[in-house]
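Source file: upload.txt (compact mmCIF, C-alpha atoms and all ligand atoms)
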# COMPACT_ATOMS: atom_id res chain seq x y z
CA MET A 3 -34.87 -19.64 25.35
CA ILE A 4 -32.61 -19.76 22.31
CA LYS A 5 -34.59 -20.75 19.22
CA VAL A 6 -32.47 -23.01 17.02
CA GLY A 7 -33.10 -23.91 13.38
CA VAL A 8 -31.26 -26.92 11.95
CA LEU A 9 -30.03 -27.31 8.36
CA GLY A 10 -29.36 -30.93 7.43
CA ALA A 11 -31.94 -31.97 10.04
CA ARG A 12 -32.48 -35.45 8.57
CA GLY A 13 -28.77 -36.32 8.39
CA ARG A 14 -26.78 -38.28 10.98
CA MET A 15 -25.41 -35.21 12.76
CA GLY A 16 -28.55 -33.13 12.14
CA ARG A 17 -30.79 -35.68 13.85
CA THR A 18 -28.51 -35.80 16.90
CA VAL A 19 -28.42 -31.99 17.00
CA CYS A 20 -32.25 -31.83 16.87
CA GLU A 21 -32.52 -34.29 19.80
CA THR A 22 -29.92 -32.34 21.79
CA ILE A 23 -31.54 -28.95 21.20
CA ASP A 24 -34.95 -30.41 22.01
CA GLY A 25 -33.61 -31.95 25.22
CA ALA A 26 -31.80 -28.90 26.64
CA ALA A 27 -33.66 -26.66 29.08
CA ASP A 28 -32.57 -23.35 27.55
CA THR A 29 -32.90 -24.16 23.83
CA GLU A 30 -35.96 -24.63 21.67
CA LEU A 31 -35.99 -26.60 18.42
CA GLY A 32 -37.40 -24.44 15.62
CA ALA A 33 -37.28 -25.22 11.90
CA GLN A 34 -35.83 -28.56 10.80
CA VAL A 35 -34.70 -28.09 7.22
CA ASP A 36 -33.13 -30.60 4.86
CA GLN A 37 -32.43 -30.79 1.13
CA GLY A 38 -35.38 -29.51 -0.91
CA ASP A 39 -37.16 -27.88 2.07
CA ASP A 40 -38.02 -24.18 2.16
CA ARG A 41 -35.31 -22.30 4.09
CA THR A 42 -37.64 -19.42 4.97
CA ALA A 43 -38.81 -21.56 7.92
CA LEU A 44 -35.43 -20.65 9.48
CA LEU A 45 -36.10 -16.91 9.51
CA SER A 46 -37.39 -16.80 13.10
CA SER A 47 -34.30 -18.63 14.48
CA ASP A 48 -31.93 -17.00 16.96
CA VAL A 49 -29.23 -19.43 15.78
CA VAL A 50 -29.09 -21.73 12.75
CA VAL A 51 -26.94 -24.88 12.96
CA ASP A 52 -25.65 -26.33 9.66
CA PHE A 53 -24.52 -29.93 9.34
CA THR A 54 -25.12 -30.52 5.62
CA HIS A 55 -22.64 -31.19 2.86
CA VAL A 56 -19.51 -29.53 1.47
CA ALA A 57 -21.38 -28.82 -1.77
CA ALA A 58 -24.36 -27.23 0.01
CA VAL A 59 -22.96 -25.34 2.97
CA MET A 60 -21.68 -22.22 1.18
CA ASP A 61 -25.07 -21.55 -0.42
CA ASN A 62 -26.80 -22.08 2.95
CA LEU A 63 -24.34 -19.82 4.72
CA ARG A 64 -24.66 -17.06 2.15
CA TRP A 65 -28.46 -17.24 2.41
CA CYS A 66 -28.35 -17.08 6.23
CA ILE A 67 -25.89 -14.16 6.25
CA ASP A 68 -27.98 -12.29 3.65
CA HIS A 69 -30.96 -12.73 5.99
CA GLY A 70 -29.02 -11.59 9.08
CA LEU A 71 -29.16 -15.03 10.73
CA ASN A 72 -26.45 -16.11 13.17
CA VAL A 73 -24.99 -19.48 12.22
CA VAL A 74 -23.04 -22.31 13.84
CA VAL A 75 -21.44 -24.46 11.11
CA GLY A 76 -20.19 -28.01 11.60
CA THR A 77 -20.07 -29.02 7.95
CA SER A 78 -16.58 -29.90 6.73
CA GLY A 79 -14.64 -28.45 3.83
CA PHE A 80 -13.59 -24.97 4.98
CA GLY A 81 -10.16 -24.09 3.67
CA ASP A 82 -8.67 -20.60 3.63
CA ASP A 83 -10.46 -19.66 0.38
CA ARG A 84 -13.91 -20.46 1.75
CA LEU A 85 -13.20 -18.68 5.04
CA ALA A 86 -12.09 -15.57 3.13
CA GLU A 87 -15.31 -15.65 1.09
CA VAL A 88 -17.43 -15.90 4.26
CA ARG A 89 -15.56 -12.93 5.77
CA LEU A 90 -16.39 -10.89 2.64
CA TRP A 91 -20.10 -11.72 3.00
CA LEU A 92 -20.00 -10.82 6.70
CA ASP A 93 -18.45 -7.42 5.91
CA LYS A 94 -21.82 -6.55 4.36
CA SER A 95 -23.79 -7.83 7.38
CA PRO A 96 -21.82 -6.34 10.29
CA ASP A 97 -24.07 -7.54 13.15
CA THR A 98 -24.10 -11.19 12.09
CA ARG A 99 -22.10 -13.89 13.86
CA VAL A 100 -20.84 -17.09 12.26
CA LEU A 101 -18.92 -19.79 14.10
CA ILE A 102 -17.34 -22.48 11.91
CA ALA A 103 -15.85 -25.38 13.85
CA PRO A 104 -13.94 -28.20 12.15
CA ASN A 105 -14.56 -30.21 15.32
CA PHE A 106 -17.06 -29.70 18.12
CA SER A 107 -15.61 -32.44 20.32
CA VAL A 108 -13.78 -31.02 23.35
CA GLY A 109 -11.35 -33.95 23.31
CA ALA A 110 -10.49 -33.36 19.66
CA VAL A 111 -9.92 -29.64 20.26
CA LEU A 112 -7.54 -30.52 23.11
CA MET A 113 -5.80 -33.12 20.92
CA MET A 114 -5.12 -30.39 18.33
CA ARG A 115 -3.86 -28.07 21.06
CA PHE A 116 -1.53 -30.69 22.54
CA ALA A 117 -0.26 -31.54 19.05
CA ALA A 118 0.55 -27.88 18.35
CA GLN A 119 2.38 -27.65 21.71
CA ALA A 120 4.41 -30.79 21.03
CA ALA A 121 5.27 -29.99 17.41
CA ARG A 122 8.43 -27.94 17.96
CA PHE A 123 10.11 -30.69 19.99
CA PHE A 124 10.10 -33.44 17.31
CA GLU A 125 11.69 -33.68 13.85
CA SER A 126 8.95 -35.98 12.52
CA ALA A 127 5.19 -35.42 12.57
CA GLU A 128 2.48 -37.36 10.73
CA ILE A 129 -1.29 -37.64 11.12
CA ILE A 130 -3.53 -40.67 10.67
CA GLU A 131 -7.23 -39.83 10.64
CA LEU A 132 -9.80 -42.64 10.65
CA HIS A 133 -13.50 -42.22 9.83
CA HIS A 134 -16.63 -44.15 8.86
CA ALA A 135 -16.89 -45.17 5.20
CA ASN A 136 -19.68 -42.66 4.40
CA LYS A 137 -17.47 -39.63 4.96
CA MET A 138 -17.24 -37.67 1.72
CA ASP A 139 -14.15 -35.53 2.23
CA ALA A 140 -10.55 -36.55 2.83
CA PRO A 141 -8.53 -35.55 4.73
CA SER A 142 -10.97 -34.56 7.47
CA GLY A 143 -11.30 -30.89 8.43
CA THR A 144 -9.79 -31.76 11.81
CA ALA A 145 -6.73 -33.35 10.20
CA LEU A 146 -6.27 -30.33 7.93
CA ARG A 147 -6.47 -27.97 10.89
CA THR A 148 -4.12 -30.10 13.02
CA ALA A 149 -1.61 -30.24 10.16
CA SER A 150 -1.64 -26.49 9.68
CA MET A 151 -1.28 -25.89 13.45
CA ILE A 152 1.70 -28.29 13.52
CA GLY A 153 3.09 -26.66 10.36
CA GLU A 154 2.87 -23.23 11.95
CA ALA A 155 4.66 -24.40 15.12
CA ARG A 156 7.36 -26.14 13.05
CA ALA A 157 7.89 -23.04 10.91
CA LYS A 158 8.27 -20.86 14.03
CA ALA A 159 10.85 -23.33 15.36
CA GLU A 160 12.59 -23.32 11.93
CA LEU A 161 12.41 -27.10 11.75
CA GLY A 162 12.11 -27.47 7.97
CA ALA A 163 10.52 -30.52 6.35
CA PRO A 164 10.51 -33.78 8.37
CA PRO A 165 13.10 -36.37 7.27
CA ASP A 166 11.79 -38.74 4.58
CA ALA A 167 14.07 -40.83 2.35
CA THR A 168 11.25 -42.17 0.15
CA LYS A 169 12.45 -42.38 -3.46
CA GLN A 170 9.97 -44.87 -4.94
CA GLU A 171 6.34 -44.64 -4.06
CA LEU A 172 3.03 -46.13 -5.10
CA ALA A 173 0.85 -43.02 -5.62
CA GLY A 174 -0.79 -42.08 -2.34
CA ALA A 175 1.34 -44.38 -0.16
CA ARG A 176 2.68 -41.42 1.82
CA GLY A 177 -0.72 -39.76 2.08
CA ALA A 178 -1.51 -36.11 1.40
CA THR A 179 0.96 -33.43 2.41
CA VAL A 180 -0.33 -30.40 4.28
CA ASP A 181 2.29 -27.86 5.38
CA ASP A 182 4.97 -30.62 5.12
CA VAL A 183 2.92 -32.88 7.41
CA HIS A 184 1.85 -36.21 5.85
CA VAL A 185 -1.83 -36.95 6.46
CA HIS A 186 -3.21 -40.48 5.99
CA SER A 187 -6.98 -41.00 5.69
CA VAL A 188 -8.53 -44.34 6.63
CA ARG A 189 -12.21 -45.07 5.81
CA VAL A 190 -13.65 -48.13 7.55
CA SER A 191 -17.30 -49.02 8.25
CA GLY A 192 -18.09 -49.02 11.94
CA LEU A 193 -15.69 -46.21 12.87
CA VAL A 194 -16.99 -42.77 13.89
CA ALA A 195 -14.16 -40.16 14.00
CA HIS A 196 -10.64 -40.86 15.23
CA GLN A 197 -7.23 -39.28 14.85
CA GLU A 198 -3.66 -40.07 15.81
CA VAL A 199 -0.86 -37.54 15.69
CA LEU A 200 2.55 -39.21 15.68
CA PHE A 201 5.70 -37.35 16.61
CA GLY A 202 9.21 -38.82 16.46
CA GLY A 203 12.56 -37.54 17.64
CA HIS A 204 15.72 -38.85 19.21
CA GLY A 205 14.96 -42.44 20.26
CA GLU A 206 11.39 -41.63 21.27
CA THR A 207 7.94 -41.18 19.83
CA LEU A 208 4.88 -39.44 21.15
CA THR A 209 1.38 -40.44 19.97
CA ILE A 210 -1.63 -38.27 20.73
CA ARG A 211 -4.87 -40.07 19.96
CA HIS A 212 -8.47 -38.97 20.13
CA ASP A 213 -11.57 -41.11 19.53
CA SER A 214 -15.11 -39.89 19.01
CA LEU A 215 -17.01 -43.11 19.76
CA ASP A 216 -20.46 -41.65 19.20
CA ARG A 217 -21.94 -38.54 17.58
CA ALA A 218 -22.95 -37.53 21.10
CA SER A 219 -19.29 -36.50 21.58
CA PHE A 220 -19.93 -33.43 19.41
CA MET A 221 -23.03 -32.27 21.25
CA PRO A 222 -21.52 -30.46 24.29
CA GLY A 223 -19.50 -28.39 21.79
CA VAL A 224 -22.55 -27.69 19.63
CA LEU A 225 -24.54 -26.56 22.68
CA LEU A 226 -21.60 -24.44 23.86
CA ALA A 227 -21.52 -22.77 20.43
CA VAL A 228 -25.30 -22.21 20.31
CA ARG A 229 -25.28 -20.71 23.81
CA GLY A 230 -22.05 -18.73 23.37
CA LEU A 231 -22.48 -17.35 19.86
CA ALA A 232 -24.07 -14.08 21.04
CA SER A 233 -21.07 -13.46 23.34
CA LEU A 234 -18.57 -13.66 20.47
CA PRO A 235 -17.55 -10.62 18.44
CA ALA A 236 -19.64 -10.03 15.32
CA GLY A 237 -18.16 -11.62 12.20
CA LEU A 238 -16.42 -14.97 11.79
CA THR A 239 -15.02 -17.16 14.55
CA VAL A 240 -13.22 -20.38 13.62
CA GLY A 241 -13.26 -23.18 16.20
CA ILE A 242 -14.84 -23.43 19.66
CA GLU A 243 -11.53 -22.63 21.38
CA PRO A 244 -12.55 -19.08 22.46
CA LEU A 245 -15.68 -20.53 24.11
CA LEU A 246 -13.54 -23.09 25.98
CA GLY A 247 -11.24 -20.35 27.30
CA LEU A 248 -8.37 -21.66 25.15
CA ASP A 249 -7.62 -18.46 23.22
N1 LIG A 301 -17.58 -30.21 12.96
C1 LIG A 301 -17.77 -31.41 13.52
O1 LIG A 301 -17.50 -31.62 14.71
C2 LIG A 301 -18.36 -32.51 12.69
C3 LIG A 301 -18.65 -33.74 13.26
C4 LIG A 301 -19.24 -34.72 12.46
C5 LIG A 301 -19.54 -34.46 11.12
N2 LIG A 301 -19.21 -33.25 10.60
C6 LIG A 301 -19.56 -32.89 9.22
O2 LIG A 301 -20.95 -32.59 9.20
C7 LIG A 301 -21.46 -32.81 7.88
C8 LIG A 301 -22.70 -33.71 7.96
O3 LIG A 301 -22.32 -34.99 8.38
P1 LIG A 301 -23.38 -36.18 8.50
O4 LIG A 301 -22.62 -37.39 8.89
O5 LIG A 301 -24.53 -35.74 9.32
O6 LIG A 301 -23.84 -36.30 6.97
P2 LIG A 301 -25.24 -36.85 6.43
O7 LIG A 301 -24.99 -37.15 4.96
O8 LIG A 301 -25.75 -37.94 7.29
O9 LIG A 301 -26.23 -35.62 6.57
C9 LIG A 301 -26.19 -34.48 5.76
C10 LIG A 301 -27.63 -34.01 5.60
O10 LIG A 301 -27.60 -32.76 4.92
C11 LIG A 301 -28.67 -32.77 4.01
N3 LIG A 301 -28.45 -31.76 2.97
C12 LIG A 301 -27.69 -31.84 1.86
N4 LIG A 301 -27.78 -30.71 1.14
C13 LIG A 301 -28.60 -29.89 1.84
C14 LIG A 301 -29.06 -28.58 1.62
N5 LIG A 301 -28.71 -27.88 0.53
N6 LIG A 301 -29.88 -28.02 2.55
C15 LIG A 301 -30.26 -28.71 3.64
N7 LIG A 301 -29.85 -29.97 3.90
C16 LIG A 301 -29.02 -30.55 3.00
C17 LIG A 301 -28.71 -34.19 3.48
O11 LIG A 301 -29.97 -34.48 2.83
C18 LIG A 301 -28.51 -34.96 4.77
O12 LIG A 301 -29.73 -35.21 5.42
C19 LIG A 301 -20.30 -33.41 7.08
O13 LIG A 301 -19.67 -32.39 6.36
C20 LIG A 301 -19.38 -33.95 8.17
O14 LIG A 301 -18.05 -34.06 7.74
C21 LIG A 301 -18.63 -32.28 11.36
Show me, as structure tokens, the structure contained in the file I just sent.
Ligand SMILES: NC(=O)c1ccc[n+]([C@@H]2O[C@H](COP(=O)([O-])OP(=O)(O)OC[C@H]3O[C@@H](n4cnc5c(N)ncnc54)[C@H](O)[C@@H]3O)[C@@H](O)[C@H]2O)c1
Amino acid sequence: MIKVGVLGARGRMGRTVCETIDGAADTELGAQVDQGDDRTALLSSDVVVDFTHVAAVMDNLRWCIDHGLNVVVGTSGFGDDRLAEVRLWLDKSPDTRVLIAPNFSVGAVLMMRFAAQAARFFESAEIIELHHANKMDAPSGTALRTASMIGEARAKAELGAPPDATKQELAGARGATVDDVHVHSVRVSGLVAHQEVLFGGHGETLTIRHDSLDRASFMPGVLLAVRGLASLPAGLTVGIEPLLGLD
């Protein structure tokens, strides 16, 4: 039995994680911790899962690493700076494992992969990500990661910036730019998590779209991470790709 503690246990994702862990035959739901609760209840966990908030996750992660707890993180907001900081903390706790995944949905991971594969064949690439109106960060972590994967593939293929003749622009009309890839964030009540990657070339376009229709879409990936964490090398792993045999 893998004993799992949950941080953010009363949130939308946290509640679904608690139900999933409780319902799986080989996992046991331990401490359920949310804002204001005592984190020491997590100390007996084999794995801690964090789905909290961009402003809270670094403090939680630091606390877990300092206490030698292995952590699976789904909370958004991990850019290169934050990842570097986590690696520094892990240097001082060499047996601890942390997996940070911008997206636990298998379909979304494949969408990112396919986008990276397609990137070198098209001069234009833009991303539209669409989420529920309660999402606090924009662009989404998935969009940021997709953009940097596309950017890397474009740089390798020496493609340069995509063509764009825009001279006059209402601020924000062309979205945010990440590694030369324009990223447009839509926030609409009723949506869950969706993303389209649009490529354009010579008289053709290619659209790769992924839809998470329910928070349940993230749960196979969360379980995979909880079960597979001990098999990963100590230190930081980013994304569930190694556990899906994609790396
Ligand atoms: N990686 C993925 O696949 C994936 C999928 C969906 C959502 N997310 C991310 O997960 C995070 C949570 O999303 P949500 O929709 O469940 O949000 P939510 O607002 O419904 O839940 C967050 C919960 O965290 C709690 N919290 C805040 N600060 C805390 C702290 N210091 N300690 C413990 N708990 C604390 C809040 O009280 C709340 O209950 C967001 O960052 C979201 O973008 C990631």
Around the point (-36.8, -26.0, 10.2) (coordinates from the file), which residues reach within 12 Å if we count only C-alpha atoms? Answer as JSON, numbers by chain.
{"A": [5, 6, 7, 8, 9, 10, 11, 12, 16, 17, 20, 30, 31, 32, 33, 34, 35, 36, 37, 38, 39, 40, 41, 42, 43, 44, 45, 46, 47, 49, 50, 51, 52]}
Considering all atoms listed in the file, tabulate each residue of chain A that lies at most 8 Å from ligand LIG 301 (chain A) along with its nearest interatomic pair and the corresponding distance in Å to one decimal; arrange the rows by chain and ascending residue number and present them as a tab-separated table.
residue	atom	partner	partner_atom	distance
A:Leu9	CA	A:LIG301	C15	4.9
A:Gly10	CA	A:LIG301	O10	3.6
A:Ala11	CA	A:LIG301	O12	6.1
A:Arg12	CA	A:LIG301	O12	4.2
A:Gly13	CA	A:LIG301	O9	3.2
A:Arg14	CA	A:LIG301	O5	3.8
A:Met15	CA	A:LIG301	O5	3.6
A:Gly16	CA	A:LIG301	O5	5.6
A:Arg17	CA	A:LIG301	O5	7.7
A:Val35	CA	A:LIG301	C15	5.7
A:Asp36	CA	A:LIG301	N7	3.5
A:Gln37	CA	A:LIG301	N7	3.9
A:Gly38	CA	A:LIG301	N6	6.7
A:Asp39	CA	A:LIG301	C15	7.1
A:Asp52	CA	A:LIG301	O2	7.8
A:Phe53	CA	A:LIG301	C8	4.4
A:Thr54	CA	A:LIG301	O10	3.4
A:His55	CA	A:LIG301	O13	4.7
A:Val56	CA	A:LIG301	O13	5.7
A:Ala57	CA	A:LIG301	N4	7.3
A:Ala58	CA	A:LIG301	N5	4.4
A:Val59	CA	A:LIG301	N5	6.7
A:Asp61	CA	A:LIG301	N5	7.4
A:Asn62	CA	A:LIG301	N5	6.6
A:Val75	CA	A:LIG301	N1	7.2
A:Gly76	CA	A:LIG301	N1	3.7
A:Thr77	CA	A:LIG301	O13	3.7
A:Ser78	CA	A:LIG301	O13	4.0
A:Gly79	CA	A:LIG301	O13	6.9
A:Ile102	CA	A:LIG301	N1	7.8
A:Ala103	CA	A:LIG301	N1	5.2
A:Pro104	CA	A:LIG301	N1	4.2
A:Asn105	CA	A:LIG301	O1	3.3
A:Phe106	CA	A:LIG301	O1	3.9
A:Ser107	CA	A:LIG301	O1	6.0
A:Asn136	CA	A:LIG301	O4	7.5
A:Lys137	CA	A:LIG301	O14	6.3
A:Met138	CA	A:LIG301	O14	7.1
A:Asp139	CA	A:LIG301	O14	6.9
A:Ser142	CA	A:LIG301	O14	7.1
A:Gly143	CA	A:LIG301	O14	7.5
A:Ala195	CA	A:LIG301	C4	7.6
A:Arg217	CA	A:LIG301	C4	6.9
A:Phe220	CA	A:LIG301	O1	5.6
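Of the listed residues A:Ser233, A:Thr29, A:Gln197, A:Thr98, the one whose atoms come nearest to Leu63 in chain A is A:Thr98, with distances taken using all atoms listed in the file.
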Option closest in space to Asp249 in chain A, from A:Ile129, A:Arg115, A:Met221, A:Phe123 [counting all atoms listed in the file]
A:Arg115
Which residues, written as an MDAnalysis selection string, have at least one atom at most 10 Å from range 201-214 of chain A, with all atoms listed in the file counted and residues fewer than 4 positions away on the same chain left out?
chainID A and resid 107:114 116:117 120:133 164 193:197 218:220
